[in-house]
>>> print(open('structure.pdb').read())   # PDB, C-alpha atoms, pLDDT in the B column
ATOM      1  CA  MET A   1     -15.687   0.394 -15.860  1.00 82.00           C
ATOM      2  CA  ALA A   2     -13.117   1.742 -13.418  1.00 88.00           C
ATOM      3  CA  THR A   3     -11.644  -0.300 -10.584  1.00 89.00           C
ATOM      4  CA  LEU A   4     -11.143   1.431  -7.238  1.00 90.00           C
ATOM      5  CA  LYS A   5      -7.770   0.756  -5.600  1.00 92.00           C
ATOM      6  CA  PRO A   6      -7.202   2.289  -2.174  1.00 94.00           C
ATOM      7  CA  PHE A   7      -3.672   3.191  -1.060  1.00 95.00           C
ATOM      8  CA  LEU A   8      -3.290   3.171   2.727  1.00 95.00           C
ATOM      9  CA  ILE A   9      -0.430   4.792   4.624  1.00 95.00           C
ATOM     10  CA  SER A  10       0.171   3.568   8.179  1.00 93.00           C
ATOM     11  CA  GLU A  11       2.826   3.333  10.861  1.00 93.00           C
ATOM     12  CA  ASP A  12       3.179  -0.428  10.256  1.00 95.00           C
ATOM     13  CA  SER A  13       1.721  -1.510   6.936  1.00 96.00           C
ATOM     14  CA  ARG A  14       2.954  -5.102   7.301  1.00 96.00           C
ATOM     15  CA  ALA A  15       0.983  -5.558  10.533  1.00 96.00           C
ATOM     16  CA  GLN A  16      -2.049  -3.850   9.020  1.00 94.00           C
ATOM     17  CA  ALA A  17      -1.842  -6.079   5.941  1.00 95.00           C
ATOM     18  CA  ASP A  18      -1.538  -9.185   8.130  1.00 95.00           C
ATOM     19  CA  PHE A  19      -4.685  -8.088   9.987  1.00 94.00           C
ATOM     20  CA  TYR A  20      -6.648  -7.672   6.735  1.00 93.00           C
ATOM     21  CA  VAL A  21      -5.464 -11.034   5.413  1.00 94.00           C
ATOM     22  CA  GLY A  22      -6.477 -12.714   8.667  1.00 93.00           C
ATOM     23  CA  ALA A  23      -9.838 -10.954   8.866  1.00 93.00           C
ATOM     24  CA  LEU A  24     -10.811 -11.082   5.192  1.00 92.00           C
ATOM     25  CA  GLY A  25      -8.707 -13.876   3.739  1.00 91.00           C
ATOM     26  CA  GLY A  26      -6.515 -13.153   0.780  1.00 92.00           C
ATOM     27  CA  THR A  27      -2.817 -12.844   0.177  1.00 96.00           C
ATOM     28  CA  ILE A  28       0.028 -10.359   0.276  1.00 97.00           C
ATOM     29  CA  ASN A  29       1.275 -10.347  -3.310  1.00 97.00           C
ATOM     30  CA  SER A  30       4.373  -8.169  -2.975  1.00 97.00           C
ATOM     31  CA  VAL A  31       6.360  -6.051  -0.527  1.00 97.00           C
ATOM     32  CA  MET A  32       9.034  -3.538  -1.539  1.00 96.00           C
ATOM     33  CA  THR A  33      11.109  -1.756   1.101  1.00 95.00           C
ATOM     34  CA  HIS A  34      13.128   1.413   0.811  1.00 94.00           C
ATOM     35  CA  ALA A  35      16.251  -0.788   0.882  1.00 94.00           C
ATOM     36  CA  GLN A  36      15.248  -1.937  -2.617  1.00 94.00           C
ATOM     37  CA  ALA A  37      15.107   1.606  -4.000  1.00 90.00           C
ATOM     38  CA  PRO A  38      17.735   2.678  -6.546  1.00 89.00           C
ATOM     39  CA  GLU A  39      19.388   4.957  -3.942  1.00 88.00           C
ATOM     40  CA  PRO A  40      18.481   3.395  -0.571  1.00 86.00           C
ATOM     41  CA  ASN A  41      18.494   5.434   2.622  1.00 89.00           C
ATOM     42  CA  ASP A  42      19.780   3.368   5.575  1.00 90.00           C
ATOM     43  CA  ALA A  43      17.624   5.334   8.034  1.00 92.00           C
ATOM     44  CA  ILE A  44      14.410   4.030   6.423  1.00 94.00           C
ATOM     45  CA  LYS A  45      15.660   0.846   4.744  1.00 93.00           C
ATOM     46  CA  ASP A  46      13.193  -1.436   6.580  1.00 94.00           C
ATOM     47  CA  LYS A  47      10.146   0.753   5.952  1.00 96.00           C
ATOM     48  CA  VAL A  48       7.679  -0.483   3.349  1.00 97.00           C
ATOM     49  CA  MET A  49       7.624   1.625   0.196  1.00 96.00           C
ATOM     50  CA  HIS A  50       4.913  -0.423  -1.517  1.00 96.00           C
ATOM     51  CA  LEU A  51       2.854  -3.421  -0.453  1.00 98.00           C
ATOM     52  CA  CYS A  52       0.137  -5.041  -2.527  1.00 97.00           C
ATOM     53  CA  LEU A  53      -2.486  -7.315  -1.053  1.00 96.00           C
ATOM     54  CA  GLU A  54      -5.685  -8.849  -2.338  1.00 94.00           C
ATOM     55  CA  ALA A  55      -8.498  -9.536   0.093  1.00 91.00           C
ATOM     56  CA  ALA A  56     -12.204 -10.109  -0.494  1.00 87.00           C
ATOM     57  CA  GLY A  57     -11.701  -9.483  -4.217  1.00 88.00           C
ATOM     58  CA  VAL A  58     -10.162  -6.040  -3.645  1.00 90.00           C
ATOM     59  CA  THR A  59      -6.585  -4.968  -4.383  1.00 94.00           C
ATOM     60  CA  ILE A  60      -5.204  -2.713  -1.647  1.00 95.00           C
ATOM     61  CA  PHE A  61      -1.883  -0.883  -1.840  1.00 96.00           C
ATOM     62  CA  MET A  62      -0.089   0.097   1.361  1.00 97.00           C
ATOM     63  CA  ALA A  63       3.073   1.837   2.587  1.00 97.00           C
ATOM     64  CA  ASP A  64       4.687   2.918   5.845  1.00 96.00           C
ATOM     65  CA  SER A  65       4.497   6.600   6.710  1.00 94.00           C
ATOM     66  CA  LEU A  66       7.726   8.570   6.750  1.00 91.00           C
ATOM     67  CA  GLY A  67       6.287  11.284   8.957  1.00 88.00           C
ATOM     68  CA  PRO A  68       3.493  11.866  11.429  1.00 88.00           C
ATOM     69  CA  LEU A  69       0.040  10.698  10.478  1.00 87.00           C
ATOM     70  CA  THR A  70      -3.000  12.788  11.247  1.00 85.00           C
ATOM     71  CA  HIS A  71      -6.653  11.903  10.863  1.00 81.00           C
ATOM     72  CA  GLY A  72      -7.508  11.817   7.164  1.00 79.00           C
ATOM     73  CA  ASN A  73      -4.055  11.944   5.542  1.00 82.00           C
ATOM     74  CA  GLY A  74      -3.392   8.190   5.431  1.00 88.00           C
ATOM     75  CA  ILE A  75      -5.465   7.226   2.403  1.00 89.00           C
ATOM     76  CA  SER A  76      -5.554   7.874  -1.324  1.00 90.00           C
ATOM     77  CA  LEU A  77      -8.238   6.518  -3.614  1.00 92.00           C
ATOM     78  CA  ASN A  78      -7.145   5.573  -7.135  1.00 90.00           C
ATOM     79  CA  LEU A  79      -9.226   4.633 -10.133  1.00 92.00           C
ATOM     80  CA  GLU A  80      -7.789   2.232 -12.704  1.00 91.00           C
ATOM     81  CA  PHE A  81      -9.342   2.310 -16.176  1.00 93.00           C
ATOM     82  CA  GLU A  82      -8.953  -0.314 -18.892  1.00 90.00           C
ATOM     83  CA  SER A  83      -7.932   2.296 -21.457  1.00 90.00           C
ATOM     84  CA  ALA A  84      -6.901   5.944 -21.711  1.00 90.00           C
ATOM     85  CA  ALA A  85     -10.091   6.675 -23.652  1.00 90.00           C
ATOM     86  CA  GLU A  86     -12.226   5.307 -20.842  1.00 89.00           C
ATOM     87  CA  GLY A  87     -10.287   7.369 -18.302  1.00 85.00           C
TER      88      GLY A  87
END
>>> encode(input="structure.pdb", output="structure tokens")
Amino acid sequence: MATLKPFLISEDSRAQADFYVGALGGTINSVMTHAQAPEPNDAIKDKVMHLCLEAAGVTIFMADSLGPLTHGNGISLNLEFESAAEG
């Protein structure tokens, strides 16, 4: 059976993650900024490249947007399968 893992893009993913943790319980498991990338860009070094949180039994991935957000372009839905054959 596949597991759904949403990936949310927002202007401030840390604040959004803090809201979800407060509202749903759970924990932020990891945060990686652009400063930690192999070739960091100083202009976006503090922006979140990848954040992982677990709340209400759901894993949610998040990142900060690098450009303007419009209605509908801030989410990707990913399915994780236990094996390639199942996928």
>>> residues_near_point(input="structure.pdb", point="(-3.8, -7.6, -1.8)", cutoff="6 Å", atoms="all atoms listed in the file", output="count of residues only")
9
>>> closest_residue(input="structure.pdb", among="A:Pro38, A:Gly22, A:Gly74, A:Gly87", to="Met62 (chain A)", atoms="only C-alpha atoms")
A:Gly74
>>> closest_residue(input="structure.pdb", among="A:Asn41, A:Leu69, A:Gln16, A:Ala84", to="Ala2 (chain A)", atoms="only C-alpha atoms")
A:Ala84
>>> closest_residue(input="structure.pdb", among="A:Ser65, A:Leu4, A:Val31, A:Gly25", to="Ile44 (chain A)", atoms="only C-alpha atoms")
A:Ser65
>>> atom_distance(input="structure.pdb", atom1="CA of Gly67 (chain A)", atom2="CA of His34 (chain A)")
14.5 Å
>>> resolve_selection(input="structure.pdb", expression="the PyMOL selection byres ((chain A and resi 3) around 12)", output="PyMOL selection string")
chain A and resi 1-2+4-6+57-60+77-83+86-87
>>> atom_distance(input="structure.pdb", atom1="CA of Phe7 (chain A)", atom2="CA of Ala63 (chain A)")
7.8 Å
>>> atom_distance(input="structure.pdb", atom1="CA of Gln36 (chain A)", atom2="CA of Val48 (chain A)")
9.7 Å
>>> axis_aligned_box(input="structure.pdb", around="region 46-51 of chain A", padding_each_side="4 Å", output="JSON")
{"center_x": 8.0, "center_y": -0.9, "center_z": 2.5, "size_x": 18.3, "size_y": 13.0, "size_z": 16.1}
>>> resolve_selection(input="structure.pdb", expression="the PyMOL selection byres ((chain A and resi 64) around 7)", output="PyMOL selection string")
chain A and resi 9-13+47-49+63+65-66
>>> write_last_selection(input="structure.pdb", atoms="C-alpha atoms", output="PDB file, in the coordinates of the input")
ATOM      1  CA  ILE A   9      -0.430   4.792   4.624  1.00 95.00           C
ATOM      2  CA  SER A  10       0.171   3.568   8.179  1.00 93.00           C
ATOM      3  CA  GLU A  11       2.826   3.333  10.861  1.00 93.00           C
ATOM      4  CA  ASP A  12       3.179  -0.428  10.256  1.00 95.00           C
ATOM      5  CA  SER A  13       1.721  -1.510   6.936  1.00 96.00           C
ATOM      6  CA  LYS A  47      10.146   0.753   5.952  1.00 96.00           C
ATOM      7  CA  VAL A  48       7.679  -0.483   3.349  1.00 97.00           C
ATOM      8  CA  MET A  49       7.624   1.625   0.196  1.00 96.00           C
ATOM      9  CA  ALA A  63       3.073   1.837   2.587  1.00 97.00           C
ATOM     10  CA  SER A  65       4.497   6.600   6.710  1.00 94.00           C
ATOM     11  CA  LEU A  66       7.726   8.570   6.750  1.00 91.00           C
TER      12      LEU A  66
END
>>> closest_residue(input="structure.pdb", among="A:His50, A:Thr33, A:Phe61, A:Gly72", to="Tyr20 (chain A)", atoms="all atoms listed in the file")
A:Phe61
>>> closest_residue(input="structure.pdb", among="A:Pro68, A:Met32, A:Asp42, A:Leu51", to="Asp18 (chain A)", atoms="only C-alpha atoms")
A:Leu51
>>> closest_residue(input="structure.pdb", among="A:Ala56, A:Ala37, A:Ala85, A:Ile75", to="Ala23 (chain A)", atoms="only C-alpha atoms")
A:Ala56
>>> decode(input="structure.pdb", residues="region 1-71 of chain A", atoms="C-alpha atoms", output="CSV table (one decimal), in the first residue's frame")
chain,number,residue,atom,x,y,z
A,1,MET,CA,0.0,0.0,0.0
A,2,ALA,CA,1.3,3.4,-0.9
A,3,THR,CA,1.9,6.2,1.6
A,4,LEU,CA,0.9,9.7,0.6
A,5,LYS,CA,3.4,12.4,1.5
A,6,PRO,CA,2.5,16.0,0.7
A,7,PHE,CA,5.2,18.5,-0.1
A,8,LEU,CA,4.2,22.1,0.7
A,9,ILE,CA,5.9,25.2,-0.6
A,10,SER,CA,5.3,28.5,1.3
A,11,GLU,CA,6.8,31.9,2.0
A,12,ASP,CA,7.8,30.8,5.5
A,13,SER,CA,7.8,27.0,5.9
A,14,ARG,CA,9.3,27.2,9.4
A,15,ALA,CA,6.4,29.3,10.7
A,16,GLN,CA,3.9,27.0,8.8
A,17,ALA,CA,5.5,23.9,10.3
A,18,ASP,CA,5.4,25.4,13.8
A,19,PHE,CA,1.7,26.1,13.3
A,20,TYR,CA,1.0,22.5,12.3
A,21,VAL,CA,3.0,21.1,15.2
A,22,GLY,CA,1.1,23.4,17.6
A,23,ALA,CA,-2.3,22.6,16.1
A,24,LEU,CA,-1.8,18.8,15.5
A,25,GLY,CA,1.0,17.8,17.8
A,26,GLY,CA,4.1,16.2,16.3
A,27,THR,CA,7.6,17.1,15.7
A,28,ILE,CA,9.9,18.7,13.2
A,29,ASN,CA,12.4,16.0,12.3
A,30,SER,CA,14.8,17.9,10.1
A,31,VAL,CA,15.5,21.3,8.5
A,32,MET,CA,18.0,21.8,5.7
A,33,THR,CA,18.7,25.4,4.4
A,34,HIS,CA,20.2,26.4,1.1
A,35,ALA,CA,23.3,27.3,3.1
A,36,GLN,CA,23.9,23.6,3.6
A,37,ALA,CA,23.8,22.9,-0.2
A,38,PRO,CA,27.0,21.8,-1.9
A,39,GLU,CA,27.3,25.2,-3.7
A,40,PRO,CA,25.4,27.6,-1.4
A,41,ASN,CA,23.9,30.9,-2.7
A,42,ASP,CA,24.3,33.7,-0.1
A,43,ALA,CA,21.2,35.4,-1.3
A,44,ILE,CA,19.0,32.5,-0.3
A,45,LYS,CA,21.2,30.9,2.4
A,46,ASP,CA,18.5,31.2,5.2
A,47,LYS,CA,15.6,29.8,3.1
A,48,VAL,CA,14.5,26.3,3.8
A,49,MET,CA,15.3,23.8,1.1
A,50,HIS,CA,13.8,20.8,2.9
A,51,LEU,CA,11.9,20.4,6.1
A,52,CYS,CA,10.3,17.2,7.4
A,53,LEU,CA,7.7,17.1,10.1
A,54,GLU,CA,5.4,14.4,11.4
A,55,ALA,CA,2.0,15.4,12.8
A,56,ALA,CA,-1.1,13.3,13.4
A,57,GLY,CA,0.7,10.3,12.0
A,58,VAL,CA,1.4,12.0,8.6
A,59,THR,CA,4.8,12.9,7.3
A,60,ILE,CA,4.8,16.4,5.6
A,61,PHE,CA,7.7,17.8,3.6
A,62,MET,CA,8.0,21.6,3.2
A,63,ALA,CA,10.2,24.2,1.6
A,64,ASP,CA,10.4,28.0,1.2
A,65,SER,CA,9.4,29.4,-2.2
A,66,LEU,CA,12.1,31.0,-4.3
A,67,GLY,CA,9.6,32.9,-6.4
A,68,PRO,CA,6.1,34.2,-6.2
A,69,LEU,CA,3.4,31.8,-5.1
A,70,THR,CA,0.0,31.7,-6.9
A,71,HIS,CA,-3.1,29.7,-5.9
